[in-house]
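Just entry_32.txt here, compact mmCIF, C-alpha atoms:
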# COMPACT_ATOMS: atom_id res chain seq x y z
CA MET A 1 5.00 14.34 -2.28
CA LEU A 2 2.61 16.99 -3.46
CA HIS A 3 -0.31 16.41 -1.13
CA SER A 4 1.08 16.15 2.36
CA THR A 5 0.22 14.33 5.57
CA ALA A 6 -0.91 17.72 6.86
CA SER A 7 -4.24 17.13 5.14
CA PHE A 8 -4.94 14.43 7.71
CA ASN A 9 -4.50 16.83 10.60
CA ARG A 10 -6.42 19.86 9.50
CA GLY A 11 -8.44 21.33 12.31
CA THR A 12 -8.37 18.37 14.63
CA GLY A 13 -4.74 17.52 15.38
CA CYS A 14 -2.85 14.30 14.80
CA ARG A 15 -3.95 10.66 15.20
CA LEU A 16 -7.33 11.13 13.60
CA PRO A 17 -9.32 7.90 13.27
CA LEU A 18 -10.99 9.40 10.19
CA LEU A 19 -10.35 12.33 7.89
CA THR A 20 -13.07 14.91 8.52
CA MET A 21 -16.01 14.60 6.12
CA ASN A 22 -19.14 16.72 6.35
CA PHE A 23 -21.06 16.09 3.14
CA CYS A 24 -21.70 13.16 0.82
CA SER A 25 -19.51 13.43 -2.29
CA ASP A 26 -22.24 11.63 -4.28
CA CYS A 27 -25.37 13.67 -3.46
CA GLY A 28 -24.12 16.66 -1.41
CA GLN A 29 -26.27 15.93 1.67
CA PRO A 30 -24.82 15.70 5.23
CA VAL A 31 -23.05 12.53 6.36
CA SER A 32 -22.88 11.13 9.89
CA LEU A 33 -20.52 8.72 11.64
CA THR A 34 -22.41 5.42 11.78
CA MET A 35 -21.51 1.76 12.04
CA PRO A 36 -23.04 0.08 8.97
CA ALA A 37 -24.74 -3.34 9.27
CA ASP A 38 -22.18 -6.20 9.10
CA ASP A 39 -19.37 -3.76 9.86
CA ASN A 40 -17.36 -3.18 13.03
CA ARG A 41 -16.08 0.37 12.47
CA LEU A 42 -17.56 3.83 12.31
CA ARG A 43 -17.86 5.13 8.74
CA HIS A 44 -19.11 8.35 7.20
CA VAL A 45 -22.57 7.33 5.91
CA CYS A 46 -24.92 9.55 3.92
CA GLY A 47 -28.30 10.00 5.57
CA HIS A 48 -29.90 10.73 2.19
CA CYS A 49 -28.54 8.27 -0.40
CA GLY A 50 -26.98 5.74 2.01
CA THR A 51 -23.52 5.75 0.44
CA ILE A 52 -20.79 4.51 2.80
CA HIS A 53 -17.58 6.51 2.41
CA TYR A 54 -14.67 4.25 3.33
CA GLN A 55 -11.26 5.69 4.19
CA ASN A 56 -8.11 3.61 3.90
CA PRO A 57 -4.34 4.06 4.28
CA LYS A 58 -2.36 5.74 1.53
CA MET A 59 0.90 4.49 0.08
CA VAL A 60 4.01 6.66 -0.06
CA ILE A 61 6.60 5.26 -2.49
CA GLY A 62 10.22 6.26 -2.93
CA SER A 63 13.64 5.17 -4.09
CA ILE A 64 17.12 4.89 -2.57
CA PRO A 65 19.21 6.29 -5.45
CA LEU A 66 22.77 4.91 -5.23
CA TRP A 67 25.82 6.33 -6.99
CA MET A 68 29.15 4.55 -6.60
CA GLN A 69 32.08 6.99 -6.22
CA GLY A 70 34.81 4.42 -6.77
CA GLU A 71 34.28 2.00 -3.86
CA GLN A 72 32.20 4.45 -1.84
CA PRO A 73 28.39 4.35 -1.92
CA ARG A 74 26.61 7.71 -2.06
CA LEU A 75 22.88 8.24 -1.77
CA LEU A 76 20.79 11.01 -3.30
CA LEU A 77 18.74 13.04 -0.82
CA CYS A 78 16.35 15.98 -1.37
CA ARG A 79 15.82 18.91 1.00
CA ARG A 80 12.08 19.50 1.25
CA ALA A 81 10.62 22.76 -0.11
CA ILE A 82 7.13 21.98 1.25
CA GLU A 83 5.45 21.15 4.53
CA PRO A 84 5.45 18.94 6.45
CA ARG A 85 9.14 19.10 7.43
CA ARG A 86 10.18 21.87 5.07
CA GLY A 87 13.97 22.27 5.09
CA TYR A 88 14.60 18.68 6.21
CA TRP A 89 16.22 15.97 4.09
CA THR A 90 14.42 12.99 2.60
CA LEU A 91 14.76 10.25 0.04
CA PRO A 92 12.72 11.11 -3.07
CA ALA A 93 9.20 9.77 -2.34
CA GLY A 94 5.55 10.67 -2.61
CA PHE A 95 1.98 9.47 -2.73
CA MET A 96 1.28 6.66 -5.17
CA GLU A 97 -1.28 7.67 -7.81
CA ASN A 98 -4.17 5.69 -9.27
CA GLU A 99 -3.38 3.84 -12.52
CA GLU A 100 0.32 3.38 -11.76
CA THR A 101 2.37 0.57 -10.22
CA SER A 102 4.53 0.99 -7.13
CA GLU A 103 7.69 0.84 -9.29
CA GLU A 104 6.31 3.51 -11.62
CA ALA A 105 5.51 5.67 -8.58
CA ALA A 106 9.08 5.31 -7.25
CA GLN A 107 10.58 6.31 -10.60
CA ARG A 108 8.12 9.20 -11.12
CA GLU A 109 8.75 10.68 -7.67
CA THR A 110 12.53 10.38 -8.12
CA LEU A 111 12.29 12.25 -11.40
CA GLU A 112 9.86 14.89 -10.08
CA GLU A 113 11.71 15.67 -6.83
CA ALA A 114 15.34 15.22 -7.87
CA GLY A 115 15.31 15.30 -11.68
CA ALA A 116 16.95 11.89 -11.46
CA ARG A 117 16.65 8.81 -13.65
CA VAL A 118 17.06 5.49 -11.84
CA GLU A 119 17.00 1.78 -12.55
CA LEU A 120 15.09 0.06 -9.73
CA GLN A 121 16.76 -2.94 -8.12
CA GLY A 122 14.14 -4.38 -5.82
CA LEU A 123 11.88 -3.57 -2.89
CA PHE A 124 13.94 -2.80 0.23
CA THR A 125 11.65 -1.51 3.01
CA LEU A 126 7.93 -1.61 3.79
CA LEU A 127 7.13 0.61 6.77
CA ASN A 128 3.70 0.90 8.35
CA VAL A 129 2.91 4.29 9.89
CA PRO A 130 -0.56 3.56 11.30
CA HIS A 131 -1.07 6.83 13.22
CA VAL A 132 -0.94 8.81 9.95
CA HIS A 133 -2.72 6.12 7.89
CA GLN A 134 0.25 5.47 5.61
CA VAL A 135 2.41 2.64 4.32
CA HIS A 136 5.83 3.64 2.94
CA LEU A 137 7.76 1.55 0.39
CA PHE A 138 11.35 2.22 -0.66
CA TYR A 139 13.07 0.58 -3.62
CA ARG A 140 16.82 0.18 -4.08
CA ALA A 141 17.85 2.12 -7.20
CA ARG A 142 20.90 2.76 -9.35
CA LEU A 143 21.30 6.39 -10.37
CA LEU A 144 21.87 6.38 -14.14
CA ASP A 145 23.77 9.69 -14.36
CA LEU A 146 24.60 12.79 -12.30
CA ASP A 147 22.31 15.08 -14.27
CA ILE A 148 20.17 15.88 -11.20
CA GLU A 149 18.34 19.01 -10.08
CA ALA A 150 15.84 20.05 -7.45
CA GLY A 151 12.20 19.79 -8.55
CA THR A 152 9.49 22.22 -7.39
CA GLU A 153 9.10 20.35 -4.08
CA SER A 154 12.84 20.33 -3.27
CA LEU A 155 15.13 23.18 -2.15
CA GLU A 156 18.25 21.24 -3.17
CA VAL A 157 19.39 17.73 -4.04
CA LYS A 158 22.76 16.25 -3.11
CA LEU A 159 24.74 13.01 -2.87
CA PHE A 160 25.83 11.89 0.60
CA ALA A 161 28.34 9.29 1.75
CA GLU A 162 27.32 7.47 4.94
CA ASP A 163 29.40 9.75 7.20
CA GLU A 164 27.94 12.86 5.56
CA ILE A 165 24.23 12.02 6.08
CA PRO A 166 22.55 14.82 8.12
CA TRP A 167 21.01 12.35 10.58
CA ASP A 168 19.54 15.07 12.82
CA ASP A 169 17.85 16.71 9.86
CA ILE A 170 16.10 13.76 8.23
CA ALA A 171 12.45 14.57 7.58
CA PHE A 172 10.75 11.29 8.49
CA PRO A 173 11.57 8.25 10.65
CA THR A 174 10.75 5.93 7.73
CA VAL A 175 13.62 7.57 5.81
CA SER A 176 16.10 7.34 8.74
CA HIS A 177 15.33 3.65 9.21
CA THR A 178 15.65 2.96 5.50
CA LEU A 179 19.01 4.79 5.24
CA LYS A 180 20.47 2.97 8.28
CA LEU A 181 19.32 -0.42 7.01
CA PHE A 182 20.69 0.33 3.56
CA PHE A 183 24.21 1.24 4.72
CA SER A 184 24.25 -1.71 7.12
CA GLU A 185 23.29 -4.16 4.38
CA PHE A 186 25.62 -2.53 1.87
CA ALA A 187 28.53 -3.19 4.28
CA ALA A 188 27.44 -6.83 4.58
CA LEU A 189 27.50 -7.35 0.81
CA ARG A 190 31.29 -7.96 1.05
CA GLU A 191 30.58 -10.98 3.26
CA GLY A 192 28.30 -12.32 0.54
CA LYS A 193 24.99 -11.43 2.22
CA PRO A 194 22.45 -10.23 -0.34
CA PHE A 195 20.03 -7.35 0.27
CA GLY A 196 16.84 -8.38 2.06
CA VAL A 197 13.33 -6.90 2.23
CA HIS A 198 12.58 -5.32 5.60
CA CYS A 199 9.15 -4.73 7.15
CA LEU A 200 8.92 -2.32 10.09
CA ASP A 201 6.19 -0.54 12.03
CA ILE A 202 6.70 3.09 13.06
CA ARG A 203 4.29 3.74 15.90
CA ARG A 204 4.78 7.49 16.28
CA SER A 205 6.75 10.30 14.68
CA LEU A 206 10.21 11.37 15.84
CA GLY A 207 10.66 14.77 17.46
CA ARG A 208 7.23 16.10 16.66
CA MET B 209 -13.12 -7.74 2.11
CA LEU B 210 -16.20 -5.85 3.16
CA HIS B 211 -16.13 -2.96 0.72
CA SER B 212 -15.51 -4.35 -2.70
CA THR B 213 -13.84 -3.19 -5.88
CA ALA B 214 -17.36 -2.79 -7.23
CA SER B 215 -17.46 0.64 -5.61
CA PHE B 216 -14.90 1.76 -8.15
CA ASN B 217 -17.09 0.79 -11.04
CA ARG B 218 -20.48 2.08 -10.06
CA GLY B 219 -22.27 3.70 -12.93
CA THR B 220 -19.30 4.16 -15.20
CA GLY B 221 -17.69 0.76 -15.82
CA CYS B 222 -14.19 -0.47 -15.19
CA ARG B 223 -10.82 1.29 -15.56
CA LEU B 224 -11.97 4.60 -14.12
CA PRO B 225 -9.23 7.18 -13.82
CA LEU B 226 -11.07 8.62 -10.81
CA LEU B 227 -13.89 7.47 -8.57
CA THR B 228 -16.91 9.62 -9.35
CA MET B 229 -17.28 12.62 -7.04
CA ASN B 230 -19.96 15.27 -7.46
CA PHE B 231 -19.82 17.36 -4.30
CA CYS B 232 -17.15 18.64 -1.92
CA SER B 233 -17.08 16.51 1.25
CA ASP B 234 -15.92 19.58 3.21
CA CYS B 235 -18.49 22.22 2.21
CA GLY B 236 -21.10 20.36 0.13
CA GLN B 237 -20.73 22.54 -2.98
CA PRO B 238 -20.10 21.07 -6.50
CA VAL B 239 -16.60 19.92 -7.48
CA SER B 240 -15.10 19.93 -10.96
CA LEU B 241 -12.21 18.06 -12.58
CA THR B 242 -9.35 20.56 -12.69
CA MET B 243 -5.57 20.39 -12.82
CA PRO B 244 -4.32 22.29 -9.75
CA ALA B 245 -1.30 24.63 -10.01
CA ASP B 246 2.00 22.70 -9.67
CA ASP B 247 0.19 19.44 -10.40
CA ASN B 248 0.11 17.27 -13.51
CA ARG B 249 -3.11 15.35 -13.03
CA LEU B 250 -6.82 16.10 -13.01
CA ARG B 251 -8.28 16.22 -9.50
CA HIS B 252 -11.74 16.88 -8.10
CA VAL B 253 -11.45 20.49 -6.89
CA CYS B 254 -14.15 22.40 -5.02
CA GLY B 255 -15.19 25.60 -6.81
CA HIS B 256 -16.34 27.11 -3.50
CA CYS B 257 -13.73 26.34 -0.80
CA GLY B 258 -10.87 25.24 -3.07
CA THR B 259 -10.25 21.88 -1.39
CA ILE B 260 -8.44 19.40 -3.64
CA HIS B 261 -9.79 15.87 -3.20
CA TYR B 262 -6.96 13.43 -3.96
CA GLN B 263 -7.67 9.79 -4.73
CA ASN B 264 -5.02 7.12 -4.28
CA PRO B 265 -4.70 3.33 -4.55
CA LYS B 266 -6.04 1.12 -1.78
CA MET B 267 -4.21 -1.80 -0.19
CA VAL B 268 -5.72 -5.27 -0.01
CA ILE B 269 -3.93 -7.45 2.54
CA GLY B 270 -4.20 -11.18 3.08
CA SER B 271 -2.49 -14.28 4.39
CA ILE B 272 -1.46 -17.69 3.00
CA PRO B 273 -2.52 -19.92 5.90
CA LEU B 274 -0.46 -23.15 5.85
CA TRP B 275 -1.31 -26.36 7.68
CA MET B 276 1.10 -29.29 7.43
CA GLN B 277 -0.67 -32.64 7.10
CA GLY B 278 2.37 -34.78 7.82
CA GLU B 279 4.72 -33.87 4.97
CA GLN B 280 1.99 -32.39 2.80
CA PRO B 281 1.33 -28.63 2.75
CA ARG B 282 -2.33 -27.57 2.73
CA LEU B 283 -3.58 -24.02 2.32
CA LEU B 284 -6.76 -22.48 3.67
CA LEU B 285 -9.07 -20.94 1.08
CA CYS B 286 -12.43 -19.17 1.46
CA ARG B 287 -15.35 -19.31 -1.00
CA ARG B 288 -16.65 -15.77 -1.38
CA ALA B 289 -20.18 -14.96 -0.18
CA ILE B 290 -20.06 -11.44 -1.63
CA GLU B 291 -19.46 -9.70 -4.95
CA PRO B 292 -17.23 -9.31 -6.81
CA ARG B 293 -16.61 -12.97 -7.67
CA ARG B 294 -19.23 -14.47 -5.34
CA GLY B 295 -18.84 -18.27 -5.24
CA TYR B 296 -15.17 -18.21 -6.24
CA TRP B 297 -12.26 -19.20 -4.00
CA THR B 298 -9.75 -16.79 -2.49
CA LEU B 299 -7.10 -16.52 0.17
CA PRO B 300 -8.45 -14.59 3.17
CA ALA B 301 -7.82 -10.91 2.36
CA GLY B 302 -9.43 -7.49 2.47
CA PHE B 303 -8.97 -3.76 2.52
CA MET B 304 -6.45 -2.46 5.02
CA GLU B 305 -8.03 -0.07 7.53
CA ASN B 306 -6.71 3.20 8.94
CA GLU B 307 -4.85 2.87 12.26
CA GLU B 308 -3.66 -0.68 11.64
CA THR B 309 -0.43 -2.17 10.24
CA SER B 310 -0.31 -4.45 7.22
CA GLU B 311 0.39 -7.45 9.49
CA GLU B 312 -2.57 -6.58 11.71
CA ALA B 313 -4.75 -6.30 8.58
CA ALA B 314 -3.64 -9.76 7.38
CA GLN B 315 -4.44 -11.34 10.76
CA ARG B 316 -7.76 -9.50 11.10
CA GLU B 317 -8.99 -10.51 7.65
CA THR B 318 -7.94 -14.14 8.24
CA LEU B 319 -9.93 -14.19 11.47
CA GLU B 320 -12.96 -12.37 9.97
CA GLU B 321 -13.25 -14.42 6.79
CA ALA B 322 -12.13 -17.86 7.95
CA GLY B 323 -12.34 -17.73 11.76
CA ALA B 324 -8.65 -18.68 11.67
CA ARG B 325 -5.78 -17.69 13.95
CA VAL B 326 -2.39 -17.50 12.24
CA GLU B 327 1.21 -16.66 13.05
CA LEU B 328 2.60 -14.53 10.23
CA GLN B 329 5.94 -15.61 8.76
CA GLY B 330 6.91 -12.81 6.41
CA LEU B 331 5.77 -10.85 3.37
CA PHE B 332 5.52 -13.11 0.31
CA THR B 333 3.90 -11.20 -2.59
CA LEU B 334 3.29 -7.56 -3.50
CA LEU B 335 1.05 -7.31 -6.55
CA ASN B 336 0.14 -4.05 -8.26
CA VAL B 337 -3.29 -4.00 -9.93
CA PRO B 338 -3.21 -0.49 -11.41
CA HIS B 339 -6.45 -0.71 -13.44
CA VAL B 340 -8.48 -1.13 -10.23
CA HIS B 341 -6.26 1.21 -8.16
CA GLN B 342 -5.11 -1.50 -5.78
CA VAL B 343 -1.95 -3.03 -4.33
CA HIS B 344 -2.31 -6.53 -2.86
CA LEU B 345 0.03 -7.92 -0.19
CA PHE B 346 0.06 -11.55 0.97
CA TYR B 347 1.92 -12.82 4.03
CA ARG B 348 3.04 -16.41 4.63
CA ALA B 349 1.24 -17.71 7.71
CA ARG B 350 1.14 -20.77 9.96
CA LEU B 351 -2.38 -21.86 10.88
CA LEU B 352 -2.37 -22.31 14.67
CA ASP B 353 -5.24 -24.82 14.86
CA LEU B 354 -8.05 -26.33 12.77
CA ASP B 355 -10.83 -24.49 14.59
CA ILE B 356 -11.92 -22.63 11.43
CA GLU B 357 -15.32 -21.50 10.16
CA ALA B 358 -16.74 -19.32 7.40
CA GLY B 359 -17.25 -15.67 8.40
CA THR B 360 -20.11 -13.55 7.07
CA GLU B 361 -18.25 -12.87 3.81
CA SER B 362 -17.45 -16.54 3.12
CA LEU B 363 -19.75 -19.40 2.00
CA GLU B 364 -17.28 -22.04 3.17
CA VAL B 365 -13.64 -22.42 4.18
CA LYS B 366 -11.49 -25.45 3.41
CA LEU B 367 -7.91 -26.75 3.35
CA PHE B 368 -6.48 -27.70 -0.06
CA ALA B 369 -3.40 -29.66 -1.06
CA GLU B 370 -1.72 -28.39 -4.22
CA ASP B 371 -3.45 -30.95 -6.48
CA GLU B 372 -6.85 -30.09 -4.99
CA ILE B 373 -6.74 -26.32 -5.60
CA PRO B 374 -9.74 -25.28 -7.77
CA TRP B 375 -7.56 -23.35 -10.22
CA ASP B 376 -10.44 -22.52 -12.57
CA ASP B 377 -12.48 -21.11 -9.72
CA ILE B 378 -9.99 -18.77 -8.07
CA ALA B 379 -11.53 -15.33 -7.55
CA PHE B 380 -8.62 -13.04 -8.43
CA PRO B 381 -5.41 -13.29 -10.47
CA THR B 382 -3.39 -11.94 -7.53
CA VAL B 383 -4.50 -15.02 -5.55
CA SER B 384 -3.68 -17.47 -8.39
CA HIS B 385 -0.21 -16.00 -8.79
CA THR B 386 0.41 -16.08 -5.04
CA LEU B 387 -0.72 -19.71 -4.73
CA LYS B 388 1.44 -20.87 -7.66
CA LEU B 389 4.50 -19.04 -6.35
CA PHE B 390 3.92 -20.44 -2.88
CA PHE B 391 3.76 -24.09 -3.96
CA SER B 392 6.75 -23.59 -6.26
CA GLU B 393 8.85 -22.09 -3.47
CA PHE B 394 7.64 -24.63 -0.94
CA ALA B 395 8.93 -27.41 -3.21
CA ALA B 396 12.30 -25.63 -3.48
CA LEU B 397 12.69 -25.49 0.32
CA ARG B 398 14.03 -29.07 0.24
CA GLU B 399 16.92 -27.84 -1.90
CA GLY B 400 17.70 -25.27 0.78
CA LYS B 401 16.25 -22.25 -1.04
CA PRO B 402 14.47 -19.93 1.39
CA PHE B 403 11.21 -18.17 0.61
CA GLY B 404 11.63 -14.87 -1.27
CA VAL B 405 9.50 -11.75 -1.59
CA HIS B 406 7.89 -11.42 -5.02
CA CYS B 407 6.70 -8.23 -6.72
CA LEU B 408 4.39 -8.57 -9.72
CA ASP B 409 2.18 -6.30 -11.80
CA ILE B 410 -1.24 -7.56 -12.91
CA ARG B 411 -2.28 -5.41 -15.85
CA ARG B 412 -5.85 -6.70 -16.28
CA SER B 413 -8.20 -9.21 -14.70
CA LEU B 414 -8.47 -12.82 -15.78
CA GLY B 415 -11.65 -14.03 -17.43
CA ARG B 416 -13.70 -10.93 -16.80

Would you mind writing the file's structure down as structure tokens?
Amino acid sequence: MLHSTASFNRGTGCRLPLLTMNFCSDCGQPVSLTMPADDNRLRHVCGHCGTIHYQNPKMVIGSIPLWMQGEQPRLLLCRRAIEPRRGYWTLPAGFMENEETSEEAAQRETLEEAGARVELQGLFTLLNVPHVHQVHLFYRARLLDLDIEAGTESLEVKLFAEDEIPWDDIAFPTVSHTLKLFFSEFAALREGKPFGVHCLDIRRSLGR
Amino acid sequence: MLHSTASFNRGTGCRLPLLTMNFCSDCGQPVSLTMPADDNRLRHVCGHCGTIHYQNPKMVIGSIPLWMQGEQPRLLLCRRAIEPRRGYWTLPAGFMENEETSEEAAQRETLEEAGARVELQGLFTLLNVPHVHQVHLFYRARLLDLDIEAGTESLEVKLFAEDEIPWDDIAFPTVSHTLKLFFSEFAALREGKPFGVHCLDIRRSLGR
């Protein structure tokens, strides 16, 4: 998660309708907030060349890396080395890049942040976070080996059983929700219930 | 779908690694393609103020509006009034906006493009289209009434039974795949199989 949500907040605080933009990235002349014809929202529009600069939500993609210790499920978490939420624990995740698929993004972020190789096993959660203009996806994943190590954006990486999860020190509500749903569904597997796909909306951040 | 994929192609053709950017939107000075420290990709970086301008995939969200004509399922399609693919048929869909959830985007686009009110019934497809930097989501939806009409981005809107779908005139491969999966799963409902959530990657466009 190299470029952080902090970039949305610079200078103007949280819950920005638009990321600040002063100049046209095409011609370098000033832009103004205008509602284009046939539109119903304010956009940054260039007064010189007329280009409309749309802004849209970004996708944050991660994995839920599972390692079975006998009968006991353990999940791989990373302690963040960067802001926002430095020092807090998260599932490996980050901004999806152009030219990759969501599955490729999940695997890349897991490798970059935790040095971990995983086999993806299906989409598990889709979480809208509209006040920071993000959609988070988490994929169930099987950790292929225990050759893991903290990447440049992690202070440490570690496997946690359910009763070891540092619930008060989880970086983001999307991660807490995903972890709770995962352990709940894992327990239900014994009754023959398969994993589902869960869609949730997170309307504001926890404890911030 | 007010701002089209065409904006990705302007001047330089398809399969762009990055949308063209000449000037810093913060300070108006020239940017150059540079790999920032601790990064592994080229980004537009301002030579004056140092701002890194990240570009990420956009989400296109739509619905699959179902109307039951007795026992027969019919789906609502829109004939596009705008490029790309003007004149071709699509499910109502468009770019997700900041400050909304994916479900809100699906309902908004269905109302804007087809004048139609729907009750959403769950995520159905997630389709990566990496060469145009997009992820498409389609939600199953129940059309609440037949009071429908073409919005400004549609030439006409119409209900189609499976054998009436204009398969050769569907605007986008993500829509064709979603329609085929939907009718296939609808047929399997009688055998007690519930709808699933389907993730697909579309590596290039059809017929273009």

7 Å contacts from chain B to chain A using only C-alpha atoms, as a list in words: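 Close enough to count are Pro225, Met229, Asn230, Phe231, Cys232, Ser233, Asp234, Cys235, Gly236, Gln237, Asn264, Pro265, Lys266, Met304, Glu305, Asn306, Glu307, Glu308, Thr309, Ser310, Asn336, Pro338, His339 and His341 of chain B.
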
Ref. answer, residues at most 10 Å from (2.9, -27.3, 4.7) with only C-alpha atoms, as a VMD selection string: chain B and resid 273 to 283 350 to 351 369 391 394 to 395

Best match for closeness to Ile373 (chain B) among B:Met243, B:Leu354, B:Cys286, B:Arg325, counting all atoms listed in the file: B:Cys286

May I have the residues within 12 Å of Val157 (chain A) as a PDB file with C-alpha atoms, in the coordinates of the input, using all atoms listed in the file and disregarding those fewer than 2 positions away in the same chain?
ATOM      1  CA  PRO A  65      19.210   6.290  -5.450  1.00  0.00           C
ATOM      2  CA  LEU A  75      22.880   8.240  -1.770  1.00  0.00           C
ATOM      3  CA  LEU A  76      20.790  11.010  -3.300  1.00  0.00           C
ATOM      4  CA  LEU A  77      18.740  13.040  -0.820  1.00  0.00           C
ATOM      5  CA  CYS A  78      16.350  15.980  -1.370  1.00  0.00           C
ATOM      6  CA  ARG A  79      15.820  18.910   1.000  1.00  0.00           C
ATOM      7  CA  ARG A  80      12.080  19.500   1.250  1.00  0.00           C
ATOM      8  CA  ALA A  81      10.620  22.760  -0.110  1.00  0.00           C
ATOM      9  CA  GLY A  87      13.970  22.270   5.090  1.00  0.00           C
ATOM     10  CA  TYR A  88      14.600  18.680   6.210  1.00  0.00           C
ATOM     11  CA  TRP A  89      16.220  15.970   4.090  1.00  0.00           C
ATOM     12  CA  THR A  90      14.420  12.990   2.600  1.00  0.00           C
ATOM     13  CA  LEU A  91      14.760  10.250   0.040  1.00  0.00           C
ATOM     14  CA  PRO A  92      12.720  11.110  -3.070  1.00  0.00           C
ATOM     15  CA  THR A 110      12.530  10.380  -8.120  1.00  0.00           C
ATOM     16  CA  LEU A 111      12.290  12.250 -11.400  1.00  0.00           C
ATOM     17  CA  GLU A 112       9.860  14.890 -10.080  1.00  0.00           C
ATOM     18  CA  GLU A 113      11.710  15.670  -6.830  1.00  0.00           C
ATOM     19  CA  ALA A 114      15.340  15.220  -7.870  1.00  0.00           C
ATOM     20  CA  GLY A 115      15.310  15.300 -11.680  1.00  0.00           C
ATOM     21  CA  ALA A 116      16.950  11.890 -11.460  1.00  0.00           C
ATOM     22  CA  LEU A 146      24.600  12.790 -12.300  1.00  0.00           C
ATOM     23  CA  ASP A 147      22.310  15.080 -14.270  1.00  0.00           C
ATOM     24  CA  ILE A 148      20.170  15.880 -11.200  1.00  0.00           C
ATOM     25  CA  GLU A 149      18.340  19.010 -10.080  1.00  0.00           C
ATOM     26  CA  ALA A 150      15.840  20.050  -7.450  1.00  0.00           C
ATOM     27  CA  GLY A 151      12.200  19.790  -8.550  1.00  0.00           C
ATOM     28  CA  THR A 152       9.490  22.220  -7.390  1.00  0.00           C
ATOM     29  CA  GLU A 153       9.100  20.350  -4.080  1.00  0.00           C
ATOM     30  CA  SER A 154      12.840  20.330  -3.270  1.00  0.00           C
ATOM     31  CA  LEU A 155      15.130  23.180  -2.150  1.00  0.00           C
ATOM     32  CA  LEU A 159      24.740  13.010  -2.870  1.00  0.00           C
ATOM     33  CA  PHE A 160      25.830  11.890   0.600  1.00  0.00           C
TER      34      PHE A 160
END

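For the atom pair formed by CA of Ala188 (chain A) and CA of Leu328 (chain B), the distance is 26.6 Å, given to one decimal.
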
Skip Glu317 (chain B) itself and residues of its chain fewer than 5 positions away, then list as a JSON list (two decimals) with C-alpha atoms, in the frame of the given file all residues within 7 Å of it, counting only C-alpha atoms.
[["chain", "number", "residue", "atom", "x", "y", "z"],
["B", 270, "GLY", "CA", -4.20, -11.18, 3.08],
["B", 300, "PRO", "CA", -8.45, -14.59, 3.17],
["B", 301, "ALA", "CA", -7.82, -10.91, 2.36],
["B", 302, "GLY", "CA", -9.43, -7.49, 2.47]]

Atomic separation - CA of Ser63 (chain A) relative to CA of Ala105 (chain A), Å: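 CA of Ala105 (chain A) sits 9.3 Å away from CA of Ser63 (chain A).
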
Local residues around (3.6, -14.2, -0.8), at most 7 Å away, using all atoms listed in the file, as a list in words: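 The residues near that point, listed by chain and number, are Leu331, Phe332, Thr333, Phe346, Tyr347, Arg348, Thr386, Phe390, Val405 and His406 of chain B.
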
Export C-alpha atoms of the chosen residues as a short mmCIF file (atom, residue, chain, number, x, y, z; two decimals), keeping the file's coordinate frame?
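What ended up in selection-v4.cif:
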data_model
loop_
_atom_site.label_atom_id
_atom_site.label_comp_id
_atom_site.auth_asym_id
_atom_site.auth_seq_id
_atom_site.Cartn_x
_atom_site.Cartn_y
_atom_site.Cartn_z
CA LEU B 331 5.77 -10.85 3.37
CA PHE B 332 5.52 -13.11 0.31
CA THR B 333 3.90 -11.20 -2.59
CA PHE B 346 0.06 -11.55 0.97
CA TYR B 347 1.92 -12.82 4.03
CA ARG B 348 3.04 -16.41 4.63
CA THR B 386 0.41 -16.08 -5.04
CA PHE B 390 3.92 -20.44 -2.88
CA VAL B 405 9.50 -11.75 -1.59
CA HIS B 406 7.89 -11.42 -5.02
#

Between CA of Arg108 (chain A) and CA of Lys158 (chain A), distance in Å (one decimal): 18.1 Å

Nearest to Ala245 (chain B) by atom-to-atom distance, counting only C-alpha atoms, from B:Glu327, B:Ala314, B:Lys388, B:Gly258: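 Closest to Ala245 (chain B), using only C-alpha atoms: B:Gly258.
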
What are the centre and edge lengths in Å, to one decimal, of the axis-aligned box around all listed atoms of region 54-70 of chain A with 4 Å added on each side, as JSON?
{"center_x": 10.1, "center_y": 5.3, "center_z": -1.4, "size_x": 57.5, "size_y": 11.4, "size_z": 19.3}

Please produce region 165-170 of chain A, completed to N, CA and C atoms, as a short mmCIF file (atom, residue, chain, number, x, y, z; two decimals), keeping the file's coordinate frame.
data_model
loop_
_atom_site.label_atom_id
_atom_site.label_comp_id
_atom_site.auth_asym_id
_atom_site.auth_seq_id
_atom_site.Cartn_x
_atom_site.Cartn_y
_atom_site.Cartn_z
N ILE A 165 25.71 11.94 5.97
CA ILE A 165 24.23 12.02 6.08
C ILE A 165 23.86 12.93 7.26
N PRO A 166 22.98 13.91 7.03
CA PRO A 166 22.55 14.82 8.12
C PRO A 166 21.49 14.14 8.99
N TRP A 167 21.95 13.22 9.85
CA TRP A 167 21.01 12.35 10.58
C TRP A 167 20.02 13.14 11.43
N ASP A 168 20.45 14.29 11.96
CA ASP A 168 19.54 15.07 12.82
C ASP A 168 18.53 15.87 12.00
N ASP A 169 18.73 15.92 10.71
CA ASP A 169 17.85 16.71 9.86
C ASP A 169 17.14 15.87 8.81
N ILE A 170 16.87 14.61 9.14
CA ILE A 170 16.10 13.76 8.23
C ILE A 170 14.61 13.99 8.51
#
